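Written below as structure tokens is the structure these notes are about.
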Amino acid sequence: MNNVHPFPTGGQSANPIRKKRKRLTAYGPALLLPNIDGHAVDVLDRIIQAGSIYLSPIQEALEDSPGAQFLRTIHGMDALIDATNVLIYAAREHPKRRDQESIDELIQQAKATQKLIRKLDDMLPEDAFILSSDSFGPDLIAEYATNTAMLVVSRFAVSLLDYYDVQFIQTKKDQRKTMMMDFRDAYRETIQDGRARLDAHQHLMKTLKTTQRALNKVMKEL
């Protein structure tokens, strides 16, 4: 999975003007929200840092590990869950000022994403098996699981940013609109790339299935 693009790239869906504009080192003052322990958290930055965990280039020390990218994606999801918990706490503390239905939808999406990640983790072959196998099968399974994980985690990140946009950007509580849009575009590009690879995987599996049926027919005639 060494073809993962740096985070962020600007996104294929980004406005051309913003893609050409020189990135700012400071987008504006941070909006801090309290977590359940009373600590101030920059939720927008937390969501962005989650992407940096699994969408930045893999460190050289990890390049030989087939499961490294999947593990980093899990860590990215953990960071997103931390950000989600802060948003949930803020919503529950101010039920009249926060959209409770939207936060409930985020909770359900988080649970569904975590459930899928666990299933993908179960199907992921061990690194030693992938490296020692003479077949491309284990490597293909690892690539499929990793790509799917990156796709669904990035979808959840976009959902978090969409919620944050409505609750804090559009209401002017957080002035970092450009920052939010830039990184949301980067997450969206990951989703687009992931869907393209997923389509390629599905086409390959369909072709293999068709070939296997033809092979079985020939073998019966021998």
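Letters A, B, ... mark the chains of the structure tokens in the order given; residue numbers begin at 1 per chain; ligand numbers begin at 1, in order shown.
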
Contacts of segment 190-200 of chain A at 8 Å or less, counting only C-alpha atoms, minus same-chain residues fewer than 5 places along, as a PDB file with C-alpha atoms, in the first residue's frame?
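Saved file selection-v1.pdb follows:
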ATOM      1  CA  TYR A 144      -8.492  -5.375  -0.288  1.00  0.00           C
ATOM      2  CA  ASN A 147      -8.266  -0.252   1.011  1.00  0.00           C
ATOM      3  CA  THR A 148     -11.743  -0.953   2.381  1.00  0.00           C
ATOM      4  CA  MET A 150      -9.227   3.397   4.540  1.00  0.00           C
ATOM      5  CA  LEU A 151     -12.398   4.053   2.567  1.00  0.00           C
ATOM      6  CA  VAL A 152     -14.870   3.566   5.429  1.00  0.00           C
ATOM      7  CA  SER A 154     -12.396   8.352   5.585  1.00  0.00           C
ATOM      8  CA  ARG A 155     -16.165   8.328   5.044  1.00  0.00           C
TER       9      ARG A 155
END

Just the alpha helix (DSSP H) stuff from segment 53-104 of chain A, please, per backbone DSSP, written as a PyMOL selection string. chain A and resi 53-55+68-93+100-104

Output the selection as a CSV table (one decimal), in the first residue's frame - C-alpha atoms for each residue.
chain,number,residue,atom,x,y,z
A,53,ILE,CA,-1.9,9.0,11.0
A,54,TYR,CA,-3.0,6.8,8.0
A,55,LEU,CA,-2.9,9.0,4.9
A,68,ALA,CA,1.4,-1.6,8.5
A,69,GLN,CA,-1.1,0.5,6.6
A,70,PHE,CA,-4.1,-1.3,8.0
A,71,LEU,CA,-2.7,-0.8,11.5
A,72,ARG,CA,-2.2,2.9,10.9
A,73,THR,CA,-5.8,3.1,9.7
A,74,ILE,CA,-7.1,1.6,12.9
A,75,HIS,CA,-5.1,4.2,14.9
A,76,GLY,CA,-6.7,6.9,12.7
A,77,MET,CA,-10.1,5.5,13.5
A,78,ASP,CA,-9.3,5.6,17.2
A,79,ALA,CA,-8.4,9.2,16.9
A,80,LEU,CA,-11.7,9.9,15.1
A,81,ILE,CA,-13.5,8.2,17.9
A,82,ASP,CA,-11.8,10.4,20.5
A,83,ALA,CA,-13.0,13.5,18.5
A,84,THR,CA,-16.5,12.0,18.2
A,85,ASN,CA,-16.7,11.5,22.0
A,86,VAL,CA,-16.0,15.2,22.5
A,87,LEU,CA,-18.8,16.1,20.0
A,88,ILE,CA,-21.2,13.7,21.7
A,89,TYR,CA,-20.4,15.2,25.1
A,90,ALA,CA,-20.9,18.8,23.8
A,91,ALA,CA,-24.2,17.7,22.2
A,92,ARG,CA,-25.6,16.0,25.3
A,93,GLU,CA,-24.5,18.9,27.5
A,100,GLN,CA,-29.4,15.4,18.7
A,101,GLU,CA,-30.6,13.4,15.6
A,102,SER,CA,-27.4,14.2,13.8
A,103,ILE,CA,-25.2,13.2,16.7
A,104,ASP,CA,-27.2,9.9,17.0

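Of the listed residues A:Arg184, A:His39, A:Arg118, A:Lys172, the one whose atoms come nearest to Leu160 of chain A is A:Arg184, with distances taken using only C-alpha atoms.
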
Just give me the gap between atom CA of Gly67 of chain A and atom CA of Thr211 of chain A in Å, one decimal is fine.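 About the pair atom CA of Gly67 of chain A and atom CA of Thr211 of chain A: they are 28.9 Å apart.
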
For Tyr27 of chain A, list every protein, DNA or RNA residue within 12 Å, evaluated using only C-alpha atoms, and leave out those in the same chain fewer than 3 positions away; present the list as a ChimeraX atom specification. /A:22-24,30-31,44-45,174-183

For atom CA of Thr113 of chain A and atom CA of Val158 of chain A, the interatomic separation in Å (one decimal): 12.9 Å

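Take atom CA of Met205 of chain A and atom CA of Lys111 of chain A: the distance between them is 28.2 Å.
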
Using only C-alpha atoms for the distances, tell me which of A:Gly137, A:Met123, A:Ile47, A:Asp165 is nearest to Leu208 of chain A.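 Ranked by minimum distance to Leu208 of chain A, first place goes to A:Gly137.
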
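Of the residues under consideration (A:Ala142, A:Ile48, A:Val218, A:Ala149), A:Ile48 shows the shortest atom-to-atom contact distance to Asp185 of chain A when counting only C-alpha atoms.
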
If you count only C-alpha atoms, the residue of A:Leu161, A:Ala214, A:Leu120, A:Leu204 closest to Arg188 of chain A turns out to be A:Leu161
